[in-house]
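A.B. asks: Next comes the structure file structure-v6.cif, holding mmCIF, C-alpha atoms.
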data_data
#
loop_
_atom_site.group_PDB
_atom_site.id
_atom_site.type_symbol
_atom_site.label_atom_id
_atom_site.label_comp_id
_atom_site.auth_asym_id
_atom_site.auth_seq_id
_atom_site.Cartn_x
_atom_site.Cartn_y
_atom_site.Cartn_z
ATOM 1 C CA MET A 224 7.137 -29.609 85.233
ATOM 2 C CA LYS A 225 7.004 -32.207 87.967
ATOM 3 C CA ARG A 226 10.383 -33.351 89.199
ATOM 4 C CA PRO A 227 11.060 -37.089 88.976
ATOM 5 C CA GLY A 228 10.187 -39.021 92.105
ATOM 6 C CA ASN A 229 13.485 -40.933 92.248
ATOM 7 C CA PRO A 230 16.473 -38.869 91.064
ATOM 8 C CA LEU A 231 18.831 -41.764 91.866
ATOM 9 C CA ILE A 232 17.293 -43.871 89.110
ATOM 10 C CA LEU A 233 17.239 -40.938 86.694
ATOM 11 C CA HIS A 234 20.891 -40.055 87.319
ATOM 12 C CA GLY A 235 21.857 -43.720 87.122
ATOM 13 C CA VAL A 236 20.132 -44.146 83.762
ATOM 14 C CA VAL A 237 21.645 -40.961 82.306
ATOM 15 C CA GLY A 238 25.123 -41.799 83.612
ATOM 16 C CA GLY A 239 24.847 -45.358 82.335
ATOM 17 C CA VAL A 240 23.726 -44.212 78.890
ATOM 18 C CA LEU A 241 26.639 -41.766 78.703
ATOM 19 C CA ALA A 242 29.039 -44.543 79.698
ATOM 20 C CA GLY A 243 27.508 -46.818 77.070
ATOM 21 C CA LEU A 244 27.894 -44.069 74.485
ATOM 22 C CA VAL A 245 31.609 -43.823 75.294
ATOM 23 C CA VAL A 246 32.036 -47.569 74.740
ATOM 24 C CA ALA A 247 30.066 -47.430 71.480
ATOM 25 C CA LEU A 248 32.137 -44.519 70.169
ATOM 26 C CA TRP A 249 35.368 -46.255 71.240
ATOM 27 C CA PHE A 250 34.614 -49.352 69.191
ATOM 28 C CA LEU A 251 33.277 -47.300 66.276
ATOM 29 C CA VAL A 252 36.619 -45.500 66.092
ATOM 30 C CA VAL A 253 38.584 -48.741 66.534
ATOM 31 C CA ASP A 254 36.557 -50.554 63.878
ATOM 32 C CA SER A 255 36.825 -47.614 61.477
ATOM 33 C CA MET A 256 40.596 -47.482 61.941
ATOM 34 C CA ALA A 257 40.750 -51.159 61.043
ATOM 35 C CA GLY A 258 38.604 -50.516 57.958
ATOM 36 C CA ARG A 259 35.614 -52.439 59.370
ATOM 37 C CA PRO A 260 32.964 -49.971 60.621
ATOM 38 C CA PHE A 261 30.397 -51.513 63.007
ATOM 39 C CA HIS A 262 32.307 -54.806 63.050
ATOM 40 C CA THR A 263 32.292 -55.160 66.853
ATOM 41 C CA PRO A 264 28.525 -54.685 67.471
ATOM 42 C CA ALA A 265 27.760 -56.990 64.531
ATOM 43 C CA VAL A 266 30.088 -59.715 65.849
ATOM 44 C CA LEU A 267 28.679 -59.440 69.359
ATOM 45 C CA ALA A 268 25.114 -59.526 68.007
ATOM 46 C CA SER A 269 25.958 -62.675 66.072
ATOM 47 C CA ALA A 270 27.447 -64.278 69.194
ATOM 48 C CA LEU A 271 24.404 -63.483 71.308
ATOM 49 C CA THR A 272 21.787 -64.509 68.738
ATOM 50 C CA GLY A 273 23.630 -67.329 67.006
ATOM 51 C CA TYR A 274 22.919 -65.756 63.622
ATOM 52 C CA ALA A 275 26.060 -65.289 61.520
ATOM 53 C CA ALA A 276 26.163 -62.709 58.736
ATOM 54 C CA ALA A 277 28.919 -62.046 56.227
ATOM 55 C CA GLU A 278 28.643 -58.270 56.674
ATOM 56 C CA PRO A 279 27.205 -56.062 59.447
ATOM 57 C CA THR A 280 23.525 -55.309 58.849
ATOM 58 C CA PHE A 281 21.489 -52.417 60.173
ATOM 59 C CA ARG A 282 19.138 -54.773 61.998
ATOM 60 C CA MET A 283 21.959 -56.574 63.817
ATOM 61 C CA VAL A 284 23.726 -53.371 64.826
ATOM 62 C CA ALA A 285 20.481 -51.680 65.906
ATOM 63 C CA ALA A 286 19.352 -54.691 67.957
ATOM 64 C CA TYR A 287 22.685 -54.971 69.731
ATOM 65 C CA THR A 288 22.747 -51.198 70.345
ATOM 66 C CA VAL A 289 19.387 -51.384 72.148
ATOM 67 C CA VAL A 290 20.671 -54.227 74.364
ATOM 68 C CA HIS A 291 23.953 -52.391 74.904
ATOM 69 C CA PHE A 292 22.355 -49.192 76.201
ATOM 70 C CA ALA A 293 19.781 -51.086 78.275
ATOM 71 C CA VAL A 294 22.546 -52.974 80.060
ATOM 72 C CA PHE A 295 24.517 -49.787 80.672
ATOM 73 C CA ALA A 296 21.422 -48.047 82.024
ATOM 74 C CA CYS A 297 21.056 -50.867 84.567
ATOM 75 C CA LEU A 298 24.760 -50.655 85.405
ATOM 76 C CA GLY A 299 24.416 -46.900 85.908
ATOM 77 C CA ILE A 300 21.535 -47.404 88.342
ATOM 78 C CA ALA A 301 23.567 -50.025 90.212
ATOM 79 C CA ALA A 302 26.555 -47.655 90.443
ATOM 80 C CA ALA A 303 24.408 -44.759 91.669
ATOM 81 C CA ALA A 304 22.743 -46.994 94.252
ATOM 82 C CA ALA A 305 26.103 -48.361 95.449
ATOM 83 C CA ILE A 306 27.554 -44.864 95.899
ATOM 84 C CA ALA A 307 24.418 -43.705 97.715
ATOM 85 C CA GLY A 308 24.563 -46.761 99.971
ATOM 86 C CA LEU A 309 28.225 -46.212 100.799
ATOM 87 C CA ARG A 310 27.521 -42.513 101.496
ATOM 88 C CA THR A 311 30.668 -41.479 99.663
ATOM 89 C CA PRO A 312 31.137 -39.080 96.750
ATOM 90 C CA PRO A 313 31.906 -40.495 93.285
ATOM 91 C CA ARG A 314 35.633 -40.830 92.677
ATOM 92 C CA LEU A 315 37.852 -41.656 89.716
ATOM 93 C CA LEU A 316 39.056 -44.782 91.510
ATOM 94 C CA PHE A 317 35.469 -46.015 91.645
ATOM 95 C CA GLY A 318 35.339 -45.577 87.872
ATOM 96 C CA VAL A 319 38.345 -47.850 87.440
ATOM 97 C CA LEU A 320 36.950 -50.454 89.833
ATOM 98 C CA PHE A 321 33.515 -50.298 88.256
ATOM 99 C CA GLY A 322 34.900 -50.548 84.722
ATOM 100 C CA LEU A 323 37.250 -53.433 85.480
ATOM 101 C CA GLY A 324 34.829 -55.117 87.842
ATOM 102 C CA ALA A 325 31.134 -54.797 87.104
ATOM 103 C CA GLN A 326 31.321 -53.930 83.406
ATOM 104 C CA GLU A 327 33.893 -56.597 82.570
ATOM 105 C CA LEU A 328 31.956 -59.183 84.569
ATOM 106 C CA VAL A 329 28.670 -58.411 82.816
ATOM 107 C CA PHE A 330 30.305 -58.390 79.375
ATOM 108 C CA TYR A 331 32.133 -61.705 79.650
ATOM 109 C CA ALA A 332 29.353 -63.367 81.653
ATOM 110 C CA GLY A 333 26.827 -62.458 78.962
ATOM 111 C CA LEU A 334 29.007 -63.895 76.222
ATOM 112 C CA SER A 335 29.752 -67.012 78.248
ATOM 113 C CA LEU A 336 26.047 -67.686 78.723
ATOM 114 C CA SER A 337 25.628 -67.491 74.952
ATOM 115 C CA GLY A 338 28.437 -69.995 74.472
ATOM 116 C CA ALA A 339 30.802 -67.479 72.843
ATOM 117 C CA SER A 340 34.327 -66.518 73.860
ATOM 118 C CA GLY A 341 34.650 -62.781 74.406
ATOM 119 C CA VAL A 342 38.442 -62.955 74.326
ATOM 120 C CA THR A 343 38.483 -64.261 70.765
ATOM 121 C CA LEU A 344 35.681 -61.981 69.542
ATOM 122 C CA VAL A 345 36.997 -58.694 70.911
ATOM 123 C CA PRO A 346 40.626 -58.039 71.998
ATOM 124 C CA TRP A 347 40.700 -57.798 75.792
ATOM 125 C CA LEU A 348 42.752 -54.588 75.689
ATOM 126 C CA HIS A 349 39.945 -52.881 73.782
ATOM 127 C CA VAL A 350 37.360 -54.061 76.286
ATOM 128 C CA MET A 351 39.460 -53.016 79.271
ATOM 129 C CA ALA A 352 40.267 -49.557 77.884
ATOM 130 C CA ALA A 353 36.666 -48.879 76.857
ATOM 131 C CA ASN A 354 35.310 -49.986 80.223
ATOM 132 C CA VAL A 355 37.776 -47.921 82.255
ATOM 133 C CA LEU A 356 37.090 -44.835 80.151
ATOM 134 C CA SER A 357 33.328 -45.328 80.431
ATOM 135 C CA GLY A 358 33.731 -45.810 84.198
ATOM 136 C CA PHE A 359 35.425 -42.414 84.388
ATOM 137 C CA VAL A 360 32.586 -40.798 82.446
ATOM 138 C CA LEU A 361 29.948 -42.447 84.629
ATOM 139 C CA MET A 362 31.611 -41.233 87.836
ATOM 140 C CA ALA A 363 32.114 -37.754 86.373
ATOM 141 C CA TYR A 364 28.405 -37.478 85.613
ATOM 142 C CA LEU A 365 27.347 -38.817 89.025
ATOM 143 C CA HIS A 366 29.777 -36.382 90.655
ATOM 144 C CA ARG A 367 28.222 -33.495 88.757
ATOM 145 C CA ALA A 368 24.657 -34.712 89.307
ATOM 146 C CA SER A 369 25.216 -34.979 93.064
ATOM 147 C CA ARG A 370 26.420 -31.346 93.096
ATOM 148 C CA ASN A 371 29.406 -32.444 95.126
ATOM 149 C CA GLU A 372 31.845 -29.595 95.648
ATOM 150 C CA GLY A 373 34.804 -31.872 96.217
ATOM 151 C CA PRO A 374 37.622 -32.046 93.639
ATOM 152 C CA PHE A 375 37.440 -34.399 90.690
ATOM 153 C CA TRP A 376 39.623 -35.304 87.716
ATOM 154 C CA LEU A 377 43.195 -33.994 88.111
ATOM 155 C CA ALA A 378 42.302 -31.762 91.052
ATOM 156 C CA ALA A 379 41.475 -34.871 93.071
ATOM 157 C CA LEU A 380 45.107 -35.979 92.833
ATOM 158 C CA LYS A 381 46.058 -33.244 95.328
ATOM 159 C CA GLY A 382 44.477 -35.367 98.022
ATOM 160 C CA HIS A 383 46.314 -38.483 96.808
ATOM 161 C CA PRO A 384 50.007 -37.556 96.533
ATOM 162 C CA LEU A 385 51.012 -41.186 95.983
ATOM 163 C CA LEU A 386 48.913 -41.359 92.814
ATOM 164 C CA ALA A 387 50.236 -38.010 91.579
ATOM 165 C CA ARG A 388 53.867 -39.001 92.123
ATOM 166 C CA GLY A 389 53.230 -42.425 90.634
ATOM 167 C CA LEU A 390 51.659 -41.005 87.488
ATOM 168 C CA ILE A 391 54.604 -38.655 86.952
ATOM 169 C CA THR A 392 57.081 -41.481 87.552
ATOM 170 C CA GLY A 393 55.225 -43.699 85.093
ATOM 171 C CA LEU A 394 55.216 -40.915 82.507
ATOM 172 C CA VAL A 395 59.003 -40.604 82.865
ATOM 173 C CA GLY A 396 59.389 -44.323 82.160
ATOM 174 C CA ALA A 397 56.917 -44.218 79.270
ATOM 175 C CA VAL A 398 58.768 -41.353 77.585
ATOM 176 C CA ALA A 399 62.127 -43.082 78.051
ATOM 177 C CA VAL A 400 60.904 -46.299 76.394
ATOM 178 C CA ALA A 401 59.165 -44.383 73.600
ATOM 179 C CA VAL A 402 62.346 -42.427 72.847
ATOM 180 C CA TRP A 403 64.384 -45.665 72.945
ATOM 181 C CA PHE A 404 62.257 -47.425 70.347
ATOM 182 C CA PHE A 405 61.859 -44.288 68.252
ATOM 183 C CA GLY A 406 65.650 -44.007 68.081
ATOM 184 C CA LEU A 407 65.979 -47.663 67.077
ATOM 185 C CA ASP A 408 63.266 -47.240 64.429
ATOM 186 C CA VAL A 409 64.963 -44.154 62.993
ATOM 187 C CA VAL A 410 68.317 -45.953 62.846
ATOM 188 C CA THR A 411 66.746 -48.850 60.921
ATOM 189 C CA GLY A 412 64.942 -46.438 58.597
ATOM 190 C CA HIS A 413 61.387 -47.239 59.818
ATOM 191 C CA PRO A 414 60.172 -44.404 62.116
ATOM 192 C CA LEU A 415 57.261 -45.391 64.412
ATOM 193 C CA ARG A 416 57.413 -49.004 63.254
ATOM 194 C CA THR A 417 57.604 -50.381 66.820
ATOM 195 C CA PRO A 418 54.413 -48.724 68.199
ATOM 196 C CA ALA A 419 52.674 -49.548 64.908
ATOM 197 C CA ALA A 420 53.684 -53.218 65.201
ATOM 198 C CA LEU A 421 52.657 -53.454 68.851
ATOM 199 C CA GLY A 422 49.408 -51.613 68.225
ATOM 200 C CA SER A 423 48.573 -53.738 65.193
ATOM 201 C CA ALA A 424 49.246 -56.962 67.119
ATOM 202 C CA LEU A 425 47.809 -56.215 70.545
ATOM 203 C CA LEU A 426 44.910 -53.982 69.507
ATOM 204 C CA PHE A 427 43.995 -55.110 65.991
ATOM 205 C CA GLY A 428 44.997 -58.771 65.976
ATOM 206 C CA ALA A 429 47.796 -58.638 63.375
ATOM 207 C CA SER A 430 49.518 -62.022 63.182
ATOM 208 C CA ASN A 431 52.588 -61.215 61.070
ATOM 209 C CA VAL A 432 54.782 -58.400 59.795
ATOM 210 C CA ALA A 433 52.759 -57.999 56.591
ATOM 211 C CA GLU A 434 49.678 -56.981 58.620
ATOM 212 C CA ILE A 435 51.338 -54.058 60.399
ATOM 213 C CA GLN A 436 49.265 -50.880 59.951
ATOM 214 C CA LEU A 437 51.778 -48.039 59.909
ATOM 215 C CA ASN A 438 49.507 -45.041 60.435
ATOM 216 C CA LEU A 439 49.049 -42.368 63.088
ATOM 217 C CA GLY A 440 45.737 -43.846 64.267
ATOM 218 C CA VAL A 441 47.303 -47.159 65.299
ATOM 219 C CA VAL A 442 50.314 -45.377 66.812
ATOM 220 C CA ALA A 443 48.049 -43.049 68.810
ATOM 221 C CA ALA A 444 45.894 -45.949 70.053
ATOM 222 C CA TYR A 445 48.932 -47.900 71.210
ATOM 223 C CA THR A 446 50.423 -44.786 72.826
ATOM 224 C CA VAL A 447 47.351 -44.472 75.049
ATOM 225 C CA VAL A 448 47.754 -48.088 76.179
ATOM 226 C CA HIS A 449 51.520 -47.585 76.591
ATOM 227 C CA VAL A 450 51.105 -44.540 78.849
ATOM 228 C CA ALA A 451 48.314 -46.167 80.866
ATOM 229 C CA ALA A 452 50.426 -49.268 81.515
ATOM 230 C CA PHE A 453 53.381 -47.182 82.671
ATOM 231 C CA ALA A 454 51.089 -45.083 84.868
ATOM 232 C CA VAL A 455 50.146 -48.233 86.766
ATOM 233 C CA ALA A 456 53.798 -49.322 86.918
ATOM 234 C CA GLY A 457 54.802 -45.882 88.207
ATOM 235 C CA ILE A 458 52.233 -45.995 91.007
ATOM 236 C CA VAL A 459 53.486 -49.426 92.073
ATOM 237 C CA PHE A 460 57.100 -48.237 91.855
ATOM 238 C CA VAL A 461 56.475 -45.185 94.047
ATOM 239 C CA ALA A 462 54.417 -47.203 96.537
ATOM 240 C CA ILE A 463 57.321 -49.633 96.962
ATOM 241 C CA ALA A 464 59.809 -46.770 97.294
ATOM 242 C CA GLU A 465 57.757 -45.182 100.069
ATOM 243 C CA GLN A 466 57.626 -48.524 101.870
ATOM 244 C CA VAL A 467 61.415 -48.684 101.612
ATOM 245 C CA GLU A 468 61.554 -45.241 103.246
ATOM 246 C CA ARG A 469 59.876 -46.751 106.291
ATOM 247 C CA ALA A 470 61.821 -50.029 106.213
ATOM 248 C CA PRO A 471 65.089 -49.933 104.204
ATOM 249 C CA ALA A 472 65.399 -53.725 104.432
ATOM 250 C CA LEU A 473 62.622 -53.874 101.823
ATOM 251 C CA VAL A 474 64.962 -52.472 99.177
ATOM 252 C CA LEU A 475 64.990 -55.967 97.679
ATOM 253 C CA LEU A 476 61.450 -55.219 96.463
ATOM 254 C CA VAL A 477 62.884 -52.677 94.047
ATOM 255 C CA ALA A 478 64.907 -55.372 92.311
ATOM 256 C CA MET A 479 61.878 -57.636 92.338
ATOM 257 C CA THR A 480 59.817 -54.885 90.707
ATOM 258 C CA GLY A 481 62.268 -54.722 87.835
ATOM 259 C CA ILE A 482 62.146 -58.486 87.405
ATOM 260 C CA VAL A 483 58.345 -58.530 87.491
ATOM 261 C CA LEU A 484 58.169 -55.672 84.975
ATOM 262 C CA GLU A 485 60.388 -57.609 82.615
ATOM 263 C CA ALA A 486 58.363 -60.790 83.076
ATOM 264 C CA VAL A 487 55.046 -59.021 82.492
ATOM 265 C CA VAL A 488 56.210 -57.336 79.289
ATOM 266 C CA VAL A 489 57.697 -60.512 77.818
ATOM 267 C CA THR A 490 54.633 -62.561 78.818
ATOM 268 C CA VAL A 491 52.246 -60.090 77.175
ATOM 269 C CA LEU A 492 54.296 -60.192 73.989
ATOM 270 C CA LEU A 493 54.507 -63.979 74.026
ATOM 271 C CA PHE A 494 50.785 -64.477 74.464
ATOM 272 C CA GLY A 495 49.503 -61.447 72.567
ATOM 273 C CA ALA A 496 52.066 -61.010 69.809
ATOM 274 C CA GLN A 497 54.939 -63.490 69.823
ATOM 275 C CA TRP A 498 56.009 -62.496 66.317
ATOM 276 C CA VAL A 499 56.492 -58.886 67.458
ATOM 277 C CA LEU A 500 59.095 -60.031 69.980
ATOM 278 C CA GLY A 501 61.031 -61.608 67.132
ATOM 279 C CA THR A 502 60.636 -58.479 65.017
ATOM 280 C CA LEU A 503 61.814 -56.092 67.728
ATOM 281 C CA GLY A 504 64.575 -58.311 69.047
ATOM 282 C CA VAL A 505 64.846 -59.659 72.579
ATOM 283 C CA TRP A 506 67.800 -57.401 73.402
ATOM 284 C CA SER A 507 65.959 -54.241 72.368
ATOM 285 C CA VAL A 508 63.051 -55.198 74.655
ATOM 286 C CA LEU A 509 65.435 -55.977 77.507
ATOM 287 C CA GLY A 510 67.201 -52.656 76.940
ATOM 288 C CA ALA A 511 63.904 -50.776 76.963
ATOM 289 C CA ASN A 512 62.836 -52.359 80.247
ATOM 290 C CA VAL A 513 66.184 -51.704 81.909
ATOM 291 C CA LEU A 514 66.003 -48.100 80.721
ATOM 292 C CA ALA A 515 62.452 -47.764 82.088
ATOM 293 C CA VAL A 516 63.428 -49.114 85.513
ATOM 294 C CA CYS A 517 66.535 -46.917 85.652
ATOM 295 C CA THR A 518 64.751 -43.710 84.651
ATOM 296 C CA MET A 519 61.844 -44.306 87.026
ATOM 297 C CA GLY A 520 64.303 -45.242 89.766
ATOM 298 C CA TRP A 521 66.308 -42.066 89.108
ATOM 299 C CA HIS A 522 63.150 -39.949 89.308
ATOM 300 C CA VAL A 523 62.082 -41.571 92.574
ATOM 301 C CA TRP A 524 65.601 -41.177 93.967
ATOM 302 C CA THR A 525 65.734 -37.449 93.163
ATOM 303 C CA THR A 526 62.238 -36.716 94.492
ATOM 304 C CA HIS A 527 62.469 -38.695 97.761
ATOM 305 C CA PRO A 528 65.208 -37.163 99.951
ATOM 306 C CA LEU A 529 64.139 -39.284 102.932
ATOM 307 C CA LEU A 530 64.669 -42.424 100.866
ATOM 308 C CA ARG A 531 68.205 -41.281 99.991
ATOM 309 C CA ARG A 532 69.039 -40.614 103.638
ATOM 310 C CA ARG A 533 67.628 -43.921 104.843
ATOM 311 C CA LEU A 534 69.476 -45.983 102.258
ATOM 312 C CA ARG A 535 72.763 -44.144 102.840
ATOM 313 C CA ASP A 536 72.568 -44.396 106.621
ATOM 314 C CA GLU A 537 71.391 -48.009 106.875
ATOM 315 C CA PRO A 538 74.105 -50.691 107.142
ATOM 316 C CA ILE A 539 74.586 -52.688 103.952
ATOM 317 C CA GLU A 540 73.774 -55.924 105.802
ATOM 318 C CA VAL A 541 70.255 -54.692 106.520
ATOM 319 C CA ARG A 542 69.438 -53.978 102.877
ATOM 320 C CA ILE A 543 70.503 -57.313 101.425
#
Here is the file; what I need is its structure written in the form of structure tokens.

C.D. replies:
Amino acid sequence: MKRPGNPLILHGVVGGVLAGLVVALWFLVVDSMAGRPFHTPAVLASALTGYAAAEPTFRMVAAYTVVHFAVFACLGIAAAAAIAGLRTPPRLLFGVLFGLGAQELVFYAGLSLSGASGVTLVPWLHVMAANVLSGFVLMAYLHRASRNEGPFWLAALKGHPLLARGLITGLVGAVAVAVWFFGLDVVTGHPLRTPAALGSALLFGASNVAEIQLNLGVVAAYTVVHVAAFAVAGIVFVAIAEQVERAPALVLLVAMTGIVLEAVVVTVLLFGAQWVLGTLGVWSVLGANVLAVCTMGWHVWTTHPLLRRRLRDEPIEVRI
């Protein structure tokens, strides 16, 4: 059999199709959990064509699926060409950048050209999570196809100690907050109610307490988002701590990080699920955020001996 003349295009198409398959499976699972199989492709097909249907039809879903995979094939070729042009091996970070950059841009630009609002049609958290995950899969395939012997997945973290320490720090904070709310839920006699409420509101568009879906699927979906958000926060937290090691006067940034974390969480709840904030209670949210900052700070403090020495030896006037 004759080998293809341009392996870059072939690998780009295959990687793009695999990434598109990940997105399709993601929304199939999400729609099925909400009791509306194939709802997302049908809604997007309606937005792009202007034809509204009461229920998803095979023709609508099939037509959108063809467009979906064609677009992802083109994105895969673009990613393969970009990596080849940069002369660098595929990396997980590229998957994040590609998912949050190129894929998000194409998705929302396409809907904007059709006159539809992607934010109202599909929850942005779903789009972001699906695109990041598909970006990982695309880079994993391109890494394998290029026969690169360099590390990938978790092994690649050995060359990026900041990311590794940040992920662990974020996991510590995520566990602390999860345990906090689980304890509050148990005390009130409603185990797992908090992640179910947040998941129902932020991921499935619930608008009141009556629409909370208290099942393991919703809890698991929200847990993934919860851990991912704290992973990012942990990386930022460790990065700031290592800057403080070099310049102790920057210790004020630690306090600012706590304030920003609080502001981000409250803002997300206000815009994405204001009623959940009332259900959980402002003080419980404040307590959870303080606990997260304290536990992540404790972990950073115990794992950074140079930071401890610098802060103890520096005059107080310098750190204020």

A.B. asks: Report as a tab-separated table: every residue of stretch 300-416 of chain A with an atom at most 8 Å from stretch 244-257 of chain A, its closest pair of atoms, and their distance in Å to one decimal, counting all atoms listed in the file, with rows sorted by chain and ascending residue number.

C.D. replies:
residue	atom	partner	partner_atom	distance
A:His349	CA	A:Phe250	CA	7.9
A:Ala353	CA	A:Val246	CA	5.3
A:Asn354	CA	A:Val246	CA	6.8
A:Leu356	CA	A:Val245	CA	7.4
A:Ser357	CA	A:Val245	CA	5.6
A:Val360	CA	A:Val245	CA	7.8

A.B. asks: On this structure, which residues satisfy the PyMOL selection byres ((chain A and resi 437) around 8), written as a list in words?

C.D. replies: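 In the shown coordinates, the PyMOL selection byres ((chain A and resi 437) around 8) covers Leu415, Arg416, Ala419, Ala420, Ile435, Gln436, Asn438, Leu439, Val441 and Val442 of chain A.
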
A.B. asks: If you measure from atom CA of A:Met351 to atom CA of A:Gly389, what distance in Å do you get, rounded to one decimal?

C.D. replies: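 Distance between the two atoms: 20.8 Å.
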
A.B. asks: For the atom pair atom CA of A:Val395 and atom CA of A:Phe453, what is the interatomic distance in Å to one decimal place?

C.D. replies: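 Taking atom CA of A:Val395 as the start and atom CA of A:Phe453 as the end point, the length is 8.7 Å.
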
A.B. asks: Would you mind telling me which residue in A:Ala451, A:Ala511, A:Leu390, A:Ala363 lies nearest to A:Leu241 when using only C-alpha atoms?

C.D. replies: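 Smallest distance to A:Leu241 is found for A:Ala363.
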
A.B. asks: I need the residue nearest A:Asn512 from this list: A:Ala304, A:Ala456, A:Ser430, A:Ile463. Use all atoms listed in the file for the distance.

C.D. replies: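 Answer, going by the shortest atom-to-atom distance: A:Ala456.
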
A.B. asks: Restricting the calculation to only C-alpha atoms: of A:Leu271, A:Leu425, A:Ala301, A:Met283, which residue gets closest to A:Pro346?

C.D. replies: A:Leu425
